[in-house]
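Data block for my_file31.cif (mmCIF, C-alpha atoms):
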data_coords
#
loop_
_atom_site.group_PDB
_atom_site.id
_atom_site.type_symbol
_atom_site.label_atom_id
_atom_site.label_comp_id
_atom_site.auth_asym_id
_atom_site.auth_seq_id
_atom_site.Cartn_x
_atom_site.Cartn_y
_atom_site.Cartn_z
ATOM 1 C CA MET P 1 67.362 43.018 -73.446
ATOM 2 C CA PHE P 2 63.803 41.774 -72.985
ATOM 3 C CA SER P 3 64.609 38.255 -74.180
ATOM 4 C CA LEU P 4 67.723 38.128 -71.991
ATOM 5 C CA SER P 5 65.723 39.110 -68.914
ATOM 6 C CA LYS P 6 63.045 36.575 -69.832
ATOM 7 C CA ILE P 7 65.665 33.834 -70.172
ATOM 8 C CA PHE P 8 67.164 34.803 -66.804
ATOM 9 C CA ARG P 9 63.737 34.830 -65.121
ATOM 10 C CA THR P 10 62.779 31.464 -66.623
ATOM 11 C CA SER P 11 66.115 29.991 -65.544
ATOM 12 C CA ALA P 12 65.687 31.370 -62.023
ATOM 13 C CA GLU P 13 62.207 29.838 -61.851
ATOM 14 C CA ALA P 14 63.638 26.519 -63.080
ATOM 15 C CA VAL P 15 66.267 26.562 -60.315
ATOM 16 C CA ALA P 16 63.553 27.290 -57.737
ATOM 17 C CA ALA P 17 61.436 24.453 -59.142
ATOM 18 C CA ALA P 18 64.415 22.064 -58.992
ATOM 19 C CA LEU P 19 65.052 23.044 -55.377
ATOM 20 C CA MET P 20 61.409 22.447 -54.541
ATOM 21 C CA ALA P 21 61.394 19.102 -56.365
ATOM 22 C CA SER P 22 64.535 17.917 -54.554
ATOM 23 C CA MET P 23 63.039 18.921 -51.224
ATOM 24 C CA PHE P 24 59.786 17.110 -52.019
ATOM 25 C CA ALA P 25 61.593 13.951 -53.183
ATOM 26 C CA THR P 26 63.668 13.961 -49.996
ATOM 27 C CA PHE P 27 60.514 14.386 -47.922
ATOM 28 C CA ILE P 28 58.899 11.402 -49.667
ATOM 29 C CA LEU P 29 62.072 9.407 -48.981
ATOM 30 C CA GLN P 30 61.824 10.353 -45.294
ATOM 31 C CA VAL P 31 58.237 9.112 -45.138
ATOM 32 C CA LEU P 32 59.103 5.896 -46.975
ATOM 33 C CA VAL P 33 61.997 5.112 -44.649
ATOM 34 C CA ARG P 34 60.050 6.037 -41.532
ATOM 35 C CA TYR P 35 57.128 3.742 -42.292
ATOM 36 C CA THR P 36 59.041 0.834 -43.773
ATOM 37 C CA ALA P 37 61.591 0.724 -40.949
ATOM 38 C CA ARG P 38 59.054 -0.933 -38.655
ATOM 39 C CA MET P 39 58.481 -3.837 -41.014
ATOM 40 C CA PRO P 40 60.793 -6.746 -40.152
ATOM 41 C CA TRP P 41 60.952 -8.106 -43.699
ATOM 42 C CA VAL P 42 62.168 -4.721 -45.010
ATOM 43 C CA ALA P 43 65.045 -4.634 -42.542
ATOM 44 C CA GLU P 44 66.058 -8.169 -43.551
ATOM 45 C CA ASN P 45 65.665 -7.851 -47.325
ATOM 46 C CA LEU P 46 66.470 -4.184 -47.896
ATOM 47 C CA PRO P 47 69.239 -3.240 -45.473
ATOM 48 C CA PHE P 48 69.913 0.041 -47.280
ATOM 49 C CA LEU P 49 66.523 1.323 -46.024
ATOM 50 C CA GLN P 50 67.738 1.419 -42.426
ATOM 51 C CA PRO P 51 66.748 4.738 -40.822
ATOM 52 C CA ALA P 52 70.324 5.267 -39.643
ATOM 53 C CA ASN P 53 71.347 5.721 -43.302
ATOM 54 C CA PHE P 54 68.955 8.637 -43.787
ATOM 55 C CA GLY P 55 69.821 11.093 -41.043
ATOM 56 C CA TRP P 56 70.954 13.542 -43.719
ATOM 57 C CA THR P 57 67.432 14.012 -45.122
ATOM 58 C CA LEU P 58 66.277 16.454 -42.449
ATOM 59 C CA GLU P 59 69.344 18.673 -42.756
ATOM 60 C CA PHE P 60 69.160 18.467 -46.552
ATOM 61 C CA CYS P 61 65.520 19.633 -46.530
ATOM 62 C CA LEU P 62 66.401 22.498 -44.201
ATOM 63 C CA ALA P 63 69.347 23.598 -46.352
ATOM 64 C CA VAL P 64 67.294 23.412 -49.547
ATOM 65 C CA TRP P 65 64.509 25.360 -47.825
ATOM 66 C CA VAL P 66 66.965 28.157 -46.949
ATOM 67 C CA TRP P 67 68.196 28.244 -50.538
ATOM 68 C CA LEU P 68 64.656 28.166 -51.930
ATOM 69 C CA ILE P 69 63.485 31.088 -49.795
ATOM 70 C CA PHE P 70 66.438 33.356 -50.534
ATOM 71 C CA TRP P 71 66.780 32.322 -54.181
ATOM 72 C CA GLY P 72 63.073 32.861 -54.792
ATOM 73 C CA ASN P 73 63.035 36.258 -53.107
ATOM 74 C CA SER P 74 66.177 37.296 -54.970
ATOM 75 C CA PHE P 75 65.209 36.302 -58.495
ATOM 76 C CA VAL P 76 61.670 34.940 -58.795
ATOM 77 C CA VAL P 77 59.310 37.034 -56.652
ATOM 78 C CA ARG P 78 58.649 40.408 -58.251
ATOM 79 C CA ILE P 79 58.303 43.572 -56.193
ATOM 80 C CA GLU P 80 54.640 43.777 -57.227
ATOM 81 C CA ASP P 81 54.059 40.310 -55.732
ATOM 82 C CA HIS P 82 55.084 41.327 -52.209
ATOM 83 C CA VAL P 83 52.436 42.108 -49.626
ATOM 84 C CA THR P 84 52.455 45.854 -49.053
ATOM 85 C CA PHE P 85 50.666 48.279 -46.777
ATOM 86 C CA ASP P 86 50.085 51.015 -49.303
ATOM 87 C CA VAL P 87 47.053 52.906 -48.004
ATOM 88 C CA LEU P 88 49.049 56.128 -47.804
ATOM 89 C CA TYR P 89 50.995 55.421 -51.001
ATOM 90 C CA VAL P 90 47.928 55.014 -53.231
ATOM 91 C CA SER P 91 46.216 58.081 -51.770
ATOM 92 C CA VAL P 92 48.893 60.569 -52.874
ATOM 93 C CA SER P 93 49.816 61.982 -56.266
ATOM 94 C CA PRO P 94 52.198 60.123 -58.606
ATOM 95 C CA ARG P 95 54.889 62.719 -57.883
ATOM 96 C CA VAL P 96 54.711 62.021 -54.134
ATOM 97 C CA GLN P 97 54.591 58.278 -54.863
ATOM 98 C CA ARG P 98 57.907 58.638 -56.698
ATOM 99 C CA VAL P 99 59.352 60.493 -53.698
ATOM 100 C CA PHE P 100 58.161 57.655 -51.439
ATOM 101 C CA THR P 101 59.717 55.138 -53.835
ATOM 102 C CA VAL P 102 63.050 56.943 -53.844
ATOM 103 C CA ILE P 103 63.187 57.341 -50.050
ATOM 104 C CA THR P 104 62.129 53.802 -49.181
ATOM 105 C CA GLY P 105 64.148 52.266 -52.017
ATOM 106 C CA LEU P 106 67.311 54.020 -50.907
ATOM 107 C CA ALA P 107 66.672 53.126 -47.257
ATOM 108 C CA VAL P 108 66.206 49.427 -48.053
ATOM 109 C CA ALA P 109 69.140 49.286 -50.484
ATOM 110 C CA ILE P 110 71.499 51.074 -48.100
ATOM 111 C CA ALA P 111 70.457 48.863 -45.178
ATOM 112 C CA LEU P 112 71.010 45.708 -47.213
ATOM 113 C CA VAL P 113 74.366 46.865 -48.562
ATOM 114 C CA LEU P 114 75.525 47.872 -45.077
ATOM 115 C CA SER P 115 74.673 44.422 -43.762
ATOM 116 C CA ILE P 116 76.830 42.621 -46.355
ATOM 117 C CA MET P 117 80.156 42.989 -44.526
ATOM 118 C CA PRO P 118 78.899 41.849 -41.090
ATOM 119 C CA THR P 119 77.193 38.927 -42.784
ATOM 120 C CA TRP P 120 80.362 38.093 -44.715
ATOM 121 C CA ASP P 121 82.358 38.143 -41.461
ATOM 122 C CA ARG P 122 79.888 35.693 -39.902
ATOM 123 C CA LEU P 123 80.048 33.449 -42.952
ATOM 124 C CA ALA P 124 83.847 33.489 -42.735
ATOM 125 C CA ILE P 125 83.519 31.922 -39.284
ATOM 126 C CA LEU P 126 81.048 29.344 -40.603
ATOM 127 C CA ARG P 127 83.604 28.119 -43.155
ATOM 128 C CA LEU P 128 85.150 26.156 -40.299
ATOM 129 C CA LYS P 129 81.919 24.494 -39.192
ATOM 130 C CA LYS P 130 80.885 21.283 -40.896
ATOM 131 C CA THR P 131 77.291 20.305 -41.375
ATOM 132 C CA ALA P 132 76.051 17.641 -39.010
ATOM 133 C CA THR P 133 74.974 15.068 -41.591
ATOM 134 C CA LEU P 134 75.305 16.420 -45.138
ATOM 135 C CA GLY P 135 78.909 15.212 -45.191
ATOM 136 C CA ASP P 136 77.499 11.676 -45.298
ATOM 137 C CA LEU P 137 75.805 12.505 -48.580
ATOM 138 C CA PHE P 138 78.090 15.039 -50.271
ATOM 139 C CA GLY P 139 81.462 14.382 -48.664
ATOM 140 C CA ASP P 140 83.513 16.404 -46.249
ATOM 141 C CA TRP P 141 83.790 19.555 -48.383
ATOM 142 C CA ILE P 142 80.384 21.076 -47.588
ATOM 143 C CA ARG P 143 80.417 23.621 -44.759
ATOM 144 C CA MET P 144 77.755 25.698 -43.075
ATOM 145 C CA ARG P 145 79.101 28.696 -45.002
ATOM 146 C CA ASP P 146 78.003 26.991 -48.218
ATOM 147 C CA VAL P 147 74.502 26.506 -46.867
ATOM 148 C CA TYR P 148 74.099 30.167 -45.929
ATOM 149 C CA MET P 149 76.065 31.775 -48.787
ATOM 150 C CA ILE P 150 72.802 32.329 -50.636
ATOM 151 C CA TYR P 151 72.017 35.078 -48.131
ATOM 152 C CA ILE P 152 74.845 37.209 -49.556
ATOM 153 C CA VAL P 153 73.365 36.699 -53.031
ATOM 154 C CA PHE P 154 69.991 37.745 -51.611
ATOM 155 C CA LEU P 155 71.412 40.925 -50.074
ATOM 156 C CA VAL P 156 73.115 41.977 -53.309
ATOM 157 C CA ALA P 157 70.204 41.054 -55.588
ATOM 158 C CA VAL P 158 67.486 42.726 -53.536
ATOM 159 C CA ALA P 159 69.603 45.844 -52.971
ATOM 160 C CA GLY P 160 70.142 45.971 -56.736
ATOM 161 C CA ARG P 161 66.429 45.616 -57.383
ATOM 162 C CA TYR P 162 65.636 48.514 -55.067
ATOM 163 C CA VAL P 163 68.336 50.683 -56.632
ATOM 164 C CA TRP P 164 66.733 49.890 -60.001
ATOM 165 C CA GLN P 165 63.318 50.967 -58.624
ATOM 166 C CA VAL P 166 64.865 54.234 -57.406
ATOM 167 C CA TRP P 167 66.461 54.791 -60.818
ATOM 168 C CA LYS P 168 63.135 54.197 -62.581
ATOM 169 C CA ALA P 169 61.337 56.593 -60.215
ATOM 170 C CA LEU P 170 63.958 59.305 -60.735
ATOM 171 C CA ARG P 171 63.853 58.828 -64.497
ATOM 172 C CA GLU P 172 60.042 59.069 -64.506
ATOM 173 C CA SER P 173 60.242 62.158 -62.324
ATOM 174 C CA LEU P 174 62.672 63.863 -64.698
ATOM 175 C CA ALA P 175 60.601 62.868 -67.732
ATOM 176 C CA GLY P 176 57.461 64.197 -66.029
ATOM 177 C CA GLN P 177 59.093 67.561 -65.292
ATOM 178 C CA ASP P 178 60.299 67.877 -68.886
ATOM 179 C CA ASP P 179 56.852 67.026 -70.251
ATOM 180 C CA ALA P 180 55.158 69.447 -67.868
ATOM 181 C CA GLY P 181 57.654 72.165 -68.793
ATOM 182 C CA GLN P 182 57.047 71.711 -72.513
ATOM 183 C CA THR P 183 53.257 71.674 -72.291
ATOM 184 C CA GLY P 184 53.196 74.531 -69.783
ATOM 185 C CA GLY P 185 55.260 76.772 -72.067
ATOM 186 C CA GLN P 186 53.125 76.265 -75.182
#
Please re-express this file's structure in structure tokens.
Amino acid sequence: MFSLSKIFRTSAEAVAAALMASMFATFILQVLVRYTARMPWVAENLPFLQPANFGWTLEFCLAVWVWLIFWGNSFVVRIEDHVTFDVLYVSVSPRVQRVFTVITGLAVAIALVLSIMPTWDRLAILRLKKTATLGDLFGDWIRMRDVYMIYIVFLVAVAGRYVWQVWKALRESLAGQDDAGQTGGQ
């Protein structure tokens, strides 16, 4: 199980790195085209570097950015890595911390799960809308739904992670009660 989770985590990090690399390469291409477009000899000798051919780069960077944010928060960023305001949490006993974990974990998971259907309905509408310029690069098949579909993955993955946190807290709570019961009786 450990090696499988490590392989999944490494693969998720590799996907995030590939997204970041493609966004960076596209950004460099934007800069190259922007600054060479003013040179007359470039326009004459390298007609493929015309700025009109690279309108897709901005939309591509924005789409990759959306995917990078939601992919990273779904599979790469650990719960411990998030910024938290835990002044109250760290000042209470471990038992109360587990209660806090269960309550907040269930609240977050339920909220995310409840938002899946409204989000899906909105994405169903977006299946009709084409992207403004990505069709020039990828063809006519890509729709706005495809750009934002990662949000559904995010909702499911993060809800699952919080349910897992709740499960771990409940399991620790039950194990703690059993241990306390055994030592208290002896």
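Residue nearest P:Ser5 within the list P:Leu126, P:Val76, P:Ala159, P:Met144: P:Val76 [criterion: smallest interatomic distance, only C-alpha atoms].
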In Å and to one decimal, atom CA of P:Leu19 is distant from atom CA of P:Phe60 by 10.8 Å
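Checking P:Ser3, P:Ser115, P:Gln50, P:Thr84 one by one against P:Val156, counting all atoms listed in the file, you find the shortest gap at P:Ser115.
Nearest to P:Arg95 of all the residues P:Arg34, P:Arg122, P:Arg171, P:Arg161 is P:Arg171, based on only C-alpha atoms.
Across the model, the gap from atom CA of P:Val147 to atom CA of P:Asp81 is 26.2 Å.
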Counting only C-alpha atoms, closest pick from P:Ile152, P:Met23, P:Val166, P:Ala17 relative to P:Val99 is P:Val166
If you count only C-alpha atoms, the residue of P:Leu4, P:Ala18, P:Ala12, P:Leu114 closest to P:Trp65 turns out to be P:Ala18
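Of the listed residues (P:Trp167, P:Phe2, P:Arg9, P:Leu155), P:Arg9 comes nearest to P:Arg78; the distances count all atoms listed in the file.
With atom CA of P:Met20 on one side and atom CA of P:Leu58 on the other, the separation reads 14.3 Å.
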What's around P:Tyr162 at 12 Å? Count only C-alpha atoms, leave out sequence neighbours fewer than 4 positions away in its own chain, and write the answer as a PyMOL selection string.
chain P and resi 74+78-79+101-113+155-158+166-169
Please write the residues picked by the PyMOL selection byres ((chain P and resi 130) around 9) on this file as a list in words.
Leu126, Arg127, Leu128, Lys129, Thr131, Ala132, Thr133, Leu134, Gly135, Asp140, Trp141, Ile142, Arg143, Met144 and Arg145 of chain P
Distance cut-off 12 Å, centre (66.2, 11.2, -42.9) in file coordinates, counting all atoms listed in the file: which residues qualify? Return them as a ChimeraX atom specification. /P:23,25-35,37,49-62,133-134,136-137
